[in-house]
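Chemist: Got a structure for you, questions after.
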Amino acid sequence: MRASAAPFIELRRDLHRHPELGFAELRTAEIVAERLESWGYAVAREVGGTGVVGTLHRGAGSRSLGLRADMDALPIQETDAEGRPWRSRHAGRMHACGHDGHTAMLLAAAERLAREGAFDGTLHLIFQPAEELGGVPGGSGAQRMLADGLFERFPCDAVFAMHNMPGLPQGRLVLREGAAMASSDSATITLRGVGGHGAMPHLAADPVVAAASLVMALQTVVSRNVDPQQTAVVTVGALHAGRANNVIPAEATLELSVRSLDRGVRELLQRRIRALVAAQAESFGVRAEIDWKPGYSVLVNTPAETELARQVALELLGPGQVTQQGPALTGSEDFAFLLERVPGSYVLIGNGEQGERAPEGDGSTAPPPGACMVHHPGYDFHDDNVAVGAAFWVRLVERYLAAPA
């Protein structure tokens, strides 16, 4: 498999040169569709916008399996890439999360499965747009594909996805049963008071003081309302108010990121935040408005499917290269919406330990693969993962869709 990875590494680098943002992955989607068709897959284009689904059926088996890769890039200017001939050619856009690599891994597996895959049943390869468009209700690629009848048109008994993770040794596979990634909601809180002169605060109702108090009070939602053995995050990432030091503004705005790894905790966070905002506003004599935006769901890996992925990883790499029950992450993923409909599992593959040195004498001035976290302007996908990821997908398909003995 490793010898056959070279064309797909070049494909990965081509996709990196030409990054496309969510729901604008026209070139990428057409490359994916043309490759799949050339290998004998039945291809559906424009699923949920720019999504592509390739289907291959073998034998008489009735089981069906879905594998998902994301295709979109991020609105980030790539930097420190002078040593990479495949750096982005488009200002303000880059593959800063490795979706170019995820697409290449799944295409490499698709080619081998079409050529020599020993399976019995139906395989659906799901190339999803717009994974990065989180926080907008109905805005993510997974939600759009589901709304376009993804699982009605392409029924799956199980579905799997894989994402690279900088900071872990290259090629290491990490599995986790249960809640694996957090829900991600956002809220805009607007405090409306009475503006006035900074020298006469008694004639105003100061939303800045109310906002300052609210920032601190919100920290108690996690520390005093959530079970200490649960995970929750309430971050005030922005506070906007006023423009002059001698003017009390009439309005202050707070922007919140709210995350949890439990559906019940997610509901608790919203209730307590709403109650706290109302009480704080009243105590300072200002009015409060909350615009709550539900984002991604908690991503929950189901037991049987995670165990299968775990066994495949161990068979492929051995126990030294597999984390059998990794830690949960407070990042979010819209693959969670697919897992709310169909059992499955989300697998991580190490992209290289941060701070790894590039090979001596390679002349590169760019950071080595794995040196940067995802969503960083210096990030790059580790090309050696194309072979590892594709081999995992091939083995998983042949195990899940094994012909009856």
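All residue names refer to the structure tokens as shown: chains lettered A, B, ... in order, residues numbered from 1 in each chain, ligands numbered from 1 in order.
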I need the residues of region 144-225 of chain A that end up classed as alpha helix (DSSP H) by DSSP on the backbone, written out as a PyMOL selection string.
Modeler: chain A and resi 144-147+150-153+207-225
Chemist: How would the residues just picked look written out with N, CA and C atoms as an mmCIF file, in the first residue's frame?
Modeler:
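Ended up saving to part16.cif:
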```cif
data_model
loop_
_atom_site.group_PDB
_atom_site.id
_atom_site.type_symbol
_atom_site.label_atom_id
_atom_site.label_comp_id
_atom_site.auth_asym_id
_atom_site.auth_seq_id
_atom_site.Cartn_x
_atom_site.Cartn_y
_atom_site.Cartn_z
ATOM 1 N N ARG A 144 -26.221 19.825 5.849
ATOM 2 C CA ARG A 144 -26.762 20.015 4.501
ATOM 3 C C ARG A 144 -26.902 18.681 3.778
ATOM 4 N N MET A 145 -25.922 17.802 3.933
ATOM 5 C CA MET A 145 -26.008 16.493 3.277
ATOM 6 C C MET A 145 -27.152 15.675 3.863
ATOM 7 N N LEU A 146 -27.324 15.737 5.176
ATOM 8 C CA LEU A 146 -28.429 15.023 5.807
ATOM 9 C C LEU A 146 -29.773 15.575 5.330
ATOM 10 N N ALA A 147 -29.866 16.897 5.227
ATOM 11 C CA ALA A 147 -31.103 17.512 4.755
ATOM 12 C C ALA A 147 -31.392 17.144 3.301
ATOM 13 N N LEU A 150 -29.082 12.269 2.722
ATOM 14 C CA LEU A 150 -27.871 11.443 2.640
ATOM 15 C C LEU A 150 -28.146 9.978 2.964
ATOM 16 N N PHE A 151 -28.718 9.714 4.139
ATOM 17 C CA PHE A 151 -28.887 8.319 4.553
ATOM 18 C C PHE A 151 -30.148 7.682 3.978
ATOM 19 N N GLU A 152 -31.064 8.486 3.443
ATOM 20 C CA GLU A 152 -32.194 7.903 2.717
ATOM 21 C C GLU A 152 -31.749 7.459 1.327
ATOM 22 N N ARG A 153 -30.894 8.255 0.703
ATOM 23 C CA ARG A 153 -30.406 7.931 -0.642
ATOM 24 C C ARG A 153 -29.271 6.917 -0.615
ATOM 25 N N PRO A 207 -23.660 49.752 31.279
ATOM 26 C CA PRO A 207 -23.590 48.355 30.838
ATOM 27 C C PRO A 207 -22.177 47.788 30.904
ATOM 28 N N VAL A 208 -21.156 48.641 30.987
ATOM 29 C CA VAL A 208 -19.779 48.149 31.068
ATOM 30 C C VAL A 208 -19.536 47.479 32.417
ATOM 31 N N VAL A 209 -19.972 48.120 33.483
ATOM 32 C CA VAL A 209 -19.834 47.523 34.814
ATOM 33 C C VAL A 209 -20.638 46.232 34.891
ATOM 34 N N ALA A 210 -21.847 46.242 34.319
ATOM 35 C CA ALA A 210 -22.666 45.023 34.302
ATOM 36 C C ALA A 210 -21.976 43.916 33.522
ATOM 37 N N ALA A 211 -21.358 44.268 32.402
ATOM 38 C CA ALA A 211 -20.651 43.269 31.585
ATOM 39 C C ALA A 211 -19.457 42.701 32.327
ATOM 40 N N ALA A 212 -18.712 43.574 33.026
ATOM 41 C CA ALA A 212 -17.542 43.111 33.777
ATOM 42 C C ALA A 212 -17.956 42.131 34.872
ATOM 43 N N SER A 213 -19.030 42.459 35.564
ATOM 44 C CA SER A 213 -19.525 41.564 36.603
ATOM 45 C C SER A 213 -20.015 40.243 36.010
ATOM 46 N N LEU A 214 -20.665 40.340 34.855
ATOM 47 C CA LEU A 214 -21.210 39.146 34.219
ATOM 48 C C LEU A 214 -20.106 38.204 33.756
ATOM 49 N N VAL A 215 -19.008 38.760 33.239
ATOM 50 C CA VAL A 215 -17.877 37.913 32.829
ATOM 51 C C VAL A 215 -17.412 37.044 33.996
ATOM 52 N N MET A 216 -17.281 37.644 35.154
ATOM 53 C CA MET A 216 -16.830 36.887 36.322
ATOM 54 C C MET A 216 -17.902 35.922 36.794
ATOM 55 N N ALA A 217 -19.155 36.365 36.802
ATOM 56 C CA ALA A 217 -20.234 35.497 37.278
ATOM 57 C C ALA A 217 -20.386 34.258 36.396
ATOM 58 N N LEU A 218 -20.154 34.414 35.098
ATOM 59 C CA LEU A 218 -20.301 33.276 34.186
ATOM 60 C C LEU A 218 -19.308 32.156 34.496
ATOM 61 N N GLN A 219 -18.182 32.505 35.110
ATOM 62 C CA GLN A 219 -17.203 31.465 35.451
ATOM 63 C C GLN A 219 -17.749 30.495 36.498
ATOM 64 N N THR A 220 -18.752 30.929 37.259
ATOM 65 C CA THR A 220 -19.315 30.048 38.284
ATOM 66 C C THR A 220 -20.268 29.011 37.706
ATOM 67 N N VAL A 221 -20.690 29.208 36.453
ATOM 68 C CA VAL A 221 -21.590 28.220 35.843
ATOM 69 C C VAL A 221 -20.914 26.855 35.817
ATOM 70 N N VAL A 222 -19.646 26.826 35.408
ATOM 71 C CA VAL A 222 -18.910 25.558 35.376
ATOM 72 C C VAL A 222 -18.457 25.157 36.771
ATOM 73 N N SER A 223 -17.905 26.104 37.529
ATOM 74 C CA SER A 223 -17.295 25.748 38.819
ATOM 75 C C SER A 223 -18.313 25.420 39.903
ATOM 76 N N ARG A 224 -19.558 25.923 39.774
ATOM 77 C CA ARG A 224 -20.525 25.722 40.842
ATOM 78 C C ARG A 224 -21.838 25.083 40.402
ATOM 79 N N ASN A 225 -22.015 24.813 39.115
ATOM 80 C CA ASN A 225 -23.260 24.194 38.658
ATOM 81 C C ASN A 225 -23.059 22.850 37.968
#
```
Chemist: Using only C-alpha atoms, which residues sit within 7 Å of region 256-270 of chain A once same-chain residues fewer than 4 positions away are excluded, as a list in words?
Modeler: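 Listing them by chain and then by number gives Ala179, Met181, Ala182, Ser183, Ser184, Asp185, Ser186, Ala187, Thr188, Val221, Thr231, Ala232, Val233, Val234, Thr235, Val236, Gly237, Arg274, Val298 and Thr330 of chain A.
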Chemist: May I ask which of the residues A:Arg287, A:Gly378, A:Val226, A:Trp393 is the closest one to Arg272 (chain A), counting only C-alpha atoms?
Modeler: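 For Arg272 (chain A), the nearest of the given residues is A:Val226.
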Chemist: I'd like the neighbourhood of Ala241 (chain A) as a list in words, where a residue qualifies if any of its atoms comes within 7 Å (using only C-alpha atoms), though same-chain residues fewer than 5 positions away should be ignored.
Modeler: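 What passes the distance filter is Val208, Pro249, Glu251, Ala252 and Thr253 of chain A.
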Chemist: Write out as a PDB file with N, CA, C and O atoms, in the first residue's frame the residues lying within 12 Å of Glu116 (chain A), counting only C-alpha atoms and excluding same-chain residues fewer than 6 positions away.
Modeler:
```
ATOM      1  N   MET A   1       0.831  -1.209   0.000  1.00  0.00           N
ATOM      2  CA  MET A   1       0.000   0.000   0.000  1.00  0.00           C
ATOM      3  C   MET A   1       0.862   1.253   0.000  1.00  0.00           C
ATOM      4  O   MET A   1       0.567   2.237  -0.650  1.00  0.00           O
ATOM      5  N   TRP A  39     -12.762   4.634 -11.550  1.00  0.00           N
ATOM      6  CA  TRP A  39     -12.517   3.361 -10.880  1.00  0.00           C
ATOM      7  C   TRP A  39     -13.769   2.490 -10.807  1.00  0.00           C
ATOM      8  O   TRP A  39     -13.741   1.412 -10.195  1.00  0.00           O
ATOM      9  N   ARG A  58     -20.449  -4.944  -4.124  1.00  0.00           N
ATOM     10  CA  ARG A  58     -19.823  -6.221  -4.463  1.00  0.00           C
ATOM     11  C   ARG A  58     -20.616  -7.360  -3.838  1.00  0.00           C
ATOM     12  O   ARG A  58     -21.083  -7.250  -2.694  1.00  0.00           O
ATOM     13  N   ALA A 109      -7.685   4.765  -0.643  1.00  0.00           N
ATOM     14  CA  ALA A 109      -8.399   3.536  -0.274  1.00  0.00           C
ATOM     15  C   ALA A 109      -9.428   3.164  -1.330  1.00  0.00           C
ATOM     16  O   ALA A 109      -9.604   1.988  -1.655  1.00  0.00           O
ATOM     17  N   ALA A 110     -10.120   4.162  -1.888  1.00  0.00           N
ATOM     18  CA  ALA A 110     -11.140   3.902  -2.907  1.00  0.00           C
ATOM     19  C   ALA A 110     -10.553   3.207  -4.114  1.00  0.00           C
ATOM     20  O   ALA A 110     -11.148   2.269  -4.664  1.00  0.00           O
ATOM     21  N   VAL A 394      -9.055   0.454   4.042  1.00  0.00           N
ATOM     22  CA  VAL A 394      -9.226  -0.786   3.278  1.00  0.00           C
ATOM     23  C   VAL A 394      -9.503  -1.958   4.211  1.00  0.00           C
ATOM     24  O   VAL A 394     -10.437  -2.741   4.000  1.00  0.00           O
ATOM     25  N   ARG A 395      -8.725  -2.065   5.267  1.00  0.00           N
ATOM     26  CA  ARG A 395      -8.901  -3.178   6.200  1.00  0.00           C
ATOM     27  C   ARG A 395     -10.243  -3.082   6.926  1.00  0.00           C
ATOM     28  O   ARG A 395     -10.908  -4.096   7.162  1.00  0.00           O
ATOM     29  N   GLU A 398     -13.004  -4.263   4.560  1.00  0.00           N
ATOM     30  CA  GLU A 398     -12.990  -5.717   4.357  1.00  0.00           C
ATOM     31  C   GLU A 398     -13.394  -6.476   5.604  1.00  0.00           C
ATOM     32  O   GLU A 398     -13.922  -7.589   5.500  1.00  0.00           O
TER      33      GLU A 398
END
```
Chemist: To one decimal in Å, tell me the separation between CA of Thr103 (chain A) and CA of Ser62 (chain A).
Modeler: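 Interatomic distance here is 26.6 Å.
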Chemist: Report as a compact mmCIF listing (two decimals) with C-alpha atoms, in the first residue's frame all protein, DNA and RNA residues lying within 12 Å of region 311-328 of chain A, evaluated on only C-alpha atoms, omitting residues in the same chain fewer than 2 positions from it.
Modeler:
```
# COMPACT_ATOMS: atom_id res chain seq x y z
CA MET A 1 0.00 0.00 0.00
CA LEU A 168 0.63 12.78 18.41
CA PRO A 169 3.31 10.64 16.74
CA GLN A 170 2.78 10.40 13.00
CA GLY A 171 0.57 7.49 12.04
CA ARG A 172 -0.57 6.64 15.58
CA LEU A 173 -4.27 5.73 15.66
CA VAL A 174 -6.44 6.87 18.58
CA LEU A 175 -9.84 5.34 19.36
CA ARG A 176 -12.39 6.33 21.95
CA GLU A 177 -15.72 4.78 22.86
CA GLY A 178 -18.43 7.17 24.06
CA ALA A 179 -18.39 10.97 24.04
CA ALA A 180 -15.26 11.92 22.09
CA MET A 181 -15.74 15.56 21.07
CA ALA A 182 -17.73 18.38 22.60
CA SER A 183 -20.88 20.15 21.58
CA GLN A 230 -18.08 16.34 33.92
CA THR A 231 -16.43 18.53 31.30
CA ALA A 232 -17.74 21.97 30.39
CA SER A 260 -19.72 20.19 26.88
CA LEU A 261 -19.30 16.44 26.49
CA ASP A 262 -22.74 15.49 27.78
CA VAL A 298 -21.70 16.04 21.21
CA LEU A 299 -19.86 13.47 19.09
CA VAL A 300 -20.56 10.02 20.55
CA ASN A 301 -18.77 6.92 19.25
CA PRO A 303 -19.32 0.72 21.35
CA ALA A 304 -19.48 -2.05 18.72
CA GLU A 305 -18.21 0.13 15.87
CA THR A 306 -15.42 1.59 17.99
CA GLU A 307 -14.34 -1.91 19.03
CA LEU A 308 -14.19 -2.96 15.38
CA ALA A 309 -12.07 0.09 14.53
CA THR A 330 -13.29 19.83 23.76
CA GLY A 331 -13.02 20.64 20.06
CA SER A 332 -16.08 19.99 17.92
CA TYR A 346 -14.50 8.89 14.68
CA VAL A 347 -10.80 7.95 14.59
CA LEU A 348 -7.77 10.19 15.10
CA ILE A 349 -4.44 9.72 13.31
CA GLY A 350 -1.30 11.37 14.65
CA ALA A 387 -0.58 5.31 3.22
CA VAL A 388 -1.47 4.61 6.86
CA GLY A 389 -4.95 6.09 6.62
CA ALA A 390 -5.74 4.36 3.34
CA ALA A 391 -4.56 1.00 4.67
CA PHE A 392 -6.80 1.43 7.71
CA TRP A 393 -9.82 2.22 5.54
CA VAL A 394 -9.23 -0.79 3.28
CA ARG A 395 -8.90 -3.18 6.20
CA LEU A 396 -11.94 -1.70 7.95
CA VAL A 397 -14.12 -2.14 4.84
CA GLU A 398 -12.99 -5.72 4.36
CA ARG A 399 -13.67 -6.53 7.99
CA TYR A 400 -17.06 -4.81 8.24
```
Chemist: I'd like to know which residues of region 260-319 of chain A are strand (DSSP E) (by DSSP, run on the backbone); could you write them as a count of residues only?
Modeler: 14
Chemist: Closest to Ala44 (chain A) among A:Asp100, A:Leu125, A:Gly117, A:Ala73, using only C-alpha atoms?
Modeler: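 Of A:Asp100, A:Leu125, A:Gly117, A:Ala73, the one nearest Ala44 (chain A) is A:Leu125, counting only C-alpha atoms.
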Chemist: From the options A:Gly66, A:Pro19, A:Gly141, A:Gly59, which residue's atoms come nearest to Leu106 (chain A), counting only C-alpha atoms?
Modeler: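 For Leu106 (chain A), the nearest of the candidates is A:Gly66.
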Chemist: Which residue gives the smallest distance to Asp120 (chain A) among A:Ala142, A:Ala205, A:Ala402, A:Val194, with only C-alpha atoms counted?
Modeler: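 Of all the options, A:Ala402 lies closest to Asp120 (chain A).
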Chemist: Work out how far apart CA of Glu30 (chain A) and CA of Phe381 (chain A) are and give it in Å to one decimal.
Modeler: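 Straight-line distance from CA of Glu30 (chain A) to CA of Phe381 (chain A) works out to 21.7 Å.
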Chemist: Closest to Glu37 (chain A) among A:Glu111, A:Glu282, A:Asp334, A:Asp157, using only C-alpha atoms?
Modeler: A:Glu111
Chemist: Taking 4 positions as the minimum chain separation for residues in the same chain, which residues sit within 8 Å of Asp72 (chain A) when counting only C-alpha atoms? Answer as a PyMOL selection string.
Modeler: chain A and resi 19-23+25+95+99-100+129-132
Chemist: Grab the CA of Cys372 (chain A) to CA of Gly167 (chain A) distance for me, in Å with one decimal place.
Modeler: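 One can read the CA of Cys372 (chain A) to CA of Gly167 (chain A) distance as 8.3 Å.
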Chemist: Determine, counting only C-alpha atoms, which protein, DNA and RNA residues have an atom within 12 Å of an atom of His90 (chain A); residues of the same chain fewer than 3 positions away are not included. Present the result as a short mmCIF file (atom, residue, chain, number, x, y, z; two decimals) with all heavy atoms, in the first residue's frame.
Modeler:
```cif
data_model
loop_
_atom_site.label_atom_id
_atom_site.label_comp_id
_atom_site.auth_asym_id
_atom_site.auth_seq_id
_atom_site.Cartn_x
_atom_site.Cartn_y
_atom_site.Cartn_z
N LEU A 15 -4.28 19.46 -4.11
CA LEU A 15 -5.43 20.03 -3.39
C LEU A 15 -4.97 21.14 -2.44
O LEU A 15 -5.67 22.13 -2.26
CB LEU A 15 -6.16 18.93 -2.61
CG LEU A 15 -6.81 17.83 -3.45
CD1 LEU A 15 -7.43 16.78 -2.53
CD2 LEU A 15 -7.84 18.38 -4.41
N HIS A 16 -3.79 20.96 -1.85
CA HIS A 16 -3.26 21.99 -0.95
C HIS A 16 -2.97 23.28 -1.71
O HIS A 16 -3.17 24.38 -1.18
CB HIS A 16 -2.00 21.50 -0.25
CG HIS A 16 -1.59 22.35 0.91
ND1 HIS A 16 -1.99 22.11 2.20
CD2 HIS A 16 -0.83 23.49 0.97
CE1 HIS A 16 -1.49 23.04 3.01
NE2 HIS A 16 -0.78 23.88 2.27
N ARG A 17 -2.48 23.15 -2.95
CA ARG A 17 -2.21 24.33 -3.77
C ARG A 17 -3.48 25.11 -4.10
O ARG A 17 -3.44 26.31 -4.34
CB ARG A 17 -1.53 23.94 -5.08
CG ARG A 17 -0.12 23.43 -4.98
CD ARG A 17 0.47 23.21 -6.36
NE ARG A 17 1.69 22.43 -6.30
CZ ARG A 17 1.78 21.12 -6.51
NH1 ARG A 17 0.68 20.43 -6.81
NH2 ARG A 17 2.92 20.49 -6.42
N HIS A 18 -4.60 24.39 -4.15
CA HIS A 18 -5.85 24.99 -4.62
C HIS A 18 -6.95 24.82 -3.56
O HIS A 18 -7.94 24.13 -3.78
CB HIS A 18 -6.28 24.36 -5.93
CG HIS A 18 -5.24 24.46 -7.02
ND1 HIS A 18 -5.03 25.61 -7.72
CD2 HIS A 18 -4.35 23.53 -7.48
CE1 HIS A 18 -4.06 25.41 -8.59
NE2 HIS A 18 -3.63 24.16 -8.46
N PRO A 19 -6.80 25.45 -2.40
CA PRO A 19 -7.79 25.29 -1.33
C PRO A 19 -9.10 25.99 -1.70
O PRO A 19 -9.11 27.06 -2.33
CB PRO A 19 -7.12 25.97 -0.14
CG PRO A 19 -6.23 27.01 -0.76
CD PRO A 19 -5.73 26.40 -2.04
N GLU A 20 -10.21 25.39 -1.26
CA GLU A 20 -11.53 25.97 -1.52
C GLU A 20 -12.33 25.97 -0.22
O GLU A 20 -12.32 25.00 0.53
CB GLU A 20 -12.26 25.17 -2.59
CG GLU A 20 -11.55 25.21 -3.95
CD GLU A 20 -12.20 24.30 -4.97
OE1 GLU A 20 -12.27 23.07 -4.71
OE2 GLU A 20 -12.61 24.79 -6.03
N LEU A 21 -13.04 27.07 0.02
CA LEU A 21 -13.80 27.22 1.26
C LEU A 21 -15.12 26.45 1.18
O LEU A 21 -15.51 25.94 0.13
CB LEU A 21 -14.06 28.69 1.53
CG LEU A 21 -12.82 29.58 1.67
CD1 LEU A 21 -13.23 31.02 1.93
CD2 LEU A 21 -11.89 29.08 2.76
N ALA A 73 -11.36 24.02 2.98
CA ALA A 73 -10.22 24.71 3.56
C ALA A 73 -10.71 25.82 4.49
O ALA A 73 -11.91 25.95 4.75
CB ALA A 73 -9.34 25.29 2.45
N LEU A 74 -9.77 26.62 4.98
CA LEU A 74 -10.07 27.69 5.94
C LEU A 74 -9.65 29.05 5.39
O LEU A 74 -8.70 29.14 4.59
CB LEU A 74 -9.34 27.44 7.25
CG LEU A 74 -9.95 26.39 8.18
CD1 LEU A 74 -8.91 25.84 9.14
CD2 LEU A 74 -11.12 26.99 8.96
N PRO A 75 -10.32 30.12 5.83
CA PRO A 75 -9.93 31.47 5.40
C PRO A 75 -8.73 31.99 6.20
O PRO A 75 -8.83 32.93 7.00
CB PRO A 75 -11.19 32.29 5.67
CG PRO A 75 -11.84 31.60 6.83
CD PRO A 75 -11.55 30.13 6.64
N ILE A 76 -7.57 31.37 5.98
CA ILE A 76 -6.34 31.70 6.68
C ILE A 76 -5.24 31.92 5.64
O ILE A 76 -5.16 31.17 4.66
CB ILE A 76 -5.93 30.56 7.65
CG1 ILE A 76 -6.97 30.40 8.77
CG2 ILE A 76 -4.54 30.81 8.25
CD1 ILE A 76 -6.71 29.21 9.69
N GLN A 77 -4.39 32.91 5.85
CA GLN A 77 -3.26 33.16 4.97
C GLN A 77 -2.11 32.23 5.36
O GLN A 77 -1.63 32.26 6.50
CB GLN A 77 -2.81 34.61 5.07
CG GLN A 77 -1.59 34.95 4.24
CD GLN A 77 -1.84 34.81 2.75
OE1 GLN A 77 -2.88 35.24 2.25
NE2 GLN A 77 -0.90 34.21 2.04
N GLU A 78 -1.68 31.40 4.45
CA GLU A 78 -0.59 30.46 4.75
C GLU A 78 0.73 31.21 4.89
O GLU A 78 1.06 32.08 4.09
CB GLU A 78 -0.48 29.40 3.64
CG GLU A 78 0.50 28.29 3.97
CD GLU A 78 0.34 27.08 3.07
OE1 GLU A 78 -0.35 27.18 2.04
OE2 GLU A 78 0.93 26.02 3.41
N TRP A 86 4.15 23.08 -2.71
CA TRP A 86 2.70 22.88 -2.77
C TRP A 86 1.92 23.89 -1.93
O TRP A 86 0.73 23.72 -1.70
CB TRP A 86 2.33 21.46 -2.34
CG TRP A 86 2.82 21.09 -0.97
CD1 TRP A 86 2.17 21.26 0.21
CD2 TRP A 86 4.07 20.47 -0.63
NE1 TRP A 86 2.91 20.79 1.27
CE2 TRP A 86 4.09 20.29 0.77
CE3 TRP A 86 5.17 20.04 -1.38
CZ2 TRP A 86 5.16 19.72 1.43
CZ3 TRP A 86 6.24 19.46 -0.72
CH2 TRP A 86 6.23 19.30 0.66
N ARG A 87 2.57 24.98 -1.50
CA ARG A 87 1.87 25.96 -0.69
C ARG A 87 0.69 26.56 -1.47
O ARG A 87 0.66 26.55 -2.70
CB ARG A 87 2.81 27.06 -0.23
CG ARG A 87 3.40 27.91 -1.34
CD ARG A 87 4.41 28.89 -0.75
NE ARG A 87 5.08 29.67 -1.79
CZ ARG A 87 6.18 29.29 -2.43
NH1 ARG A 87 6.72 28.11 -2.16
NH2 ARG A 87 6.72 30.05 -3.36
N ARG A 93 -6.54 31.85 1.78
CA ARG A 93 -7.16 30.52 1.88
C ARG A 93 -6.06 29.47 1.98
O ARG A 93 -5.05 29.54 1.28
CB ARG A 93 -8.02 30.19 0.63
CG ARG A 93 -9.07 31.21 0.31
CD ARG A 93 -10.19 30.60 -0.56
NE ARG A 93 -9.74 29.90 -1.74
CZ ARG A 93 -9.78 30.41 -2.97
NH1 ARG A 93 -10.18 31.66 -3.17
NH2 ARG A 93 -9.41 29.68 -4.00
N MET A 94 -6.27 28.49 2.87
CA MET A 94 -5.31 27.38 2.96
C MET A 94 -5.96 26.17 3.61
O MET A 94 -6.96 26.28 4.33
CB MET A 94 -4.07 27.79 3.75
CG MET A 94 -4.31 27.96 5.25
SD MET A 94 -2.78 28.11 6.23
CE MET A 94 -2.11 26.44 6.14
N HIS A 95 -5.38 25.02 3.34
CA HIS A 95 -5.79 23.80 4.03
C HIS A 95 -5.04 23.75 5.36
O HIS A 95 -3.99 23.15 5.48
CB HIS A 95 -5.49 22.56 3.17
CG HIS A 95 -6.60 22.21 2.24
ND1 HIS A 95 -7.81 21.74 2.70
CD2 HIS A 95 -6.69 22.29 0.89
CE1 HIS A 95 -8.61 21.52 1.66
NE2 HIS A 95 -7.97 21.85 0.56
#
```
Chemist: Of the candidates A:Val47, A:Ala336, A:Met165, A:Thr190, which shows the shortest atom-to-atom distance to Leu254 (chain A), using only C-alpha atoms?
Modeler: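 Ranked by minimum distance to Leu254 (chain A), first place goes to A:Thr190.
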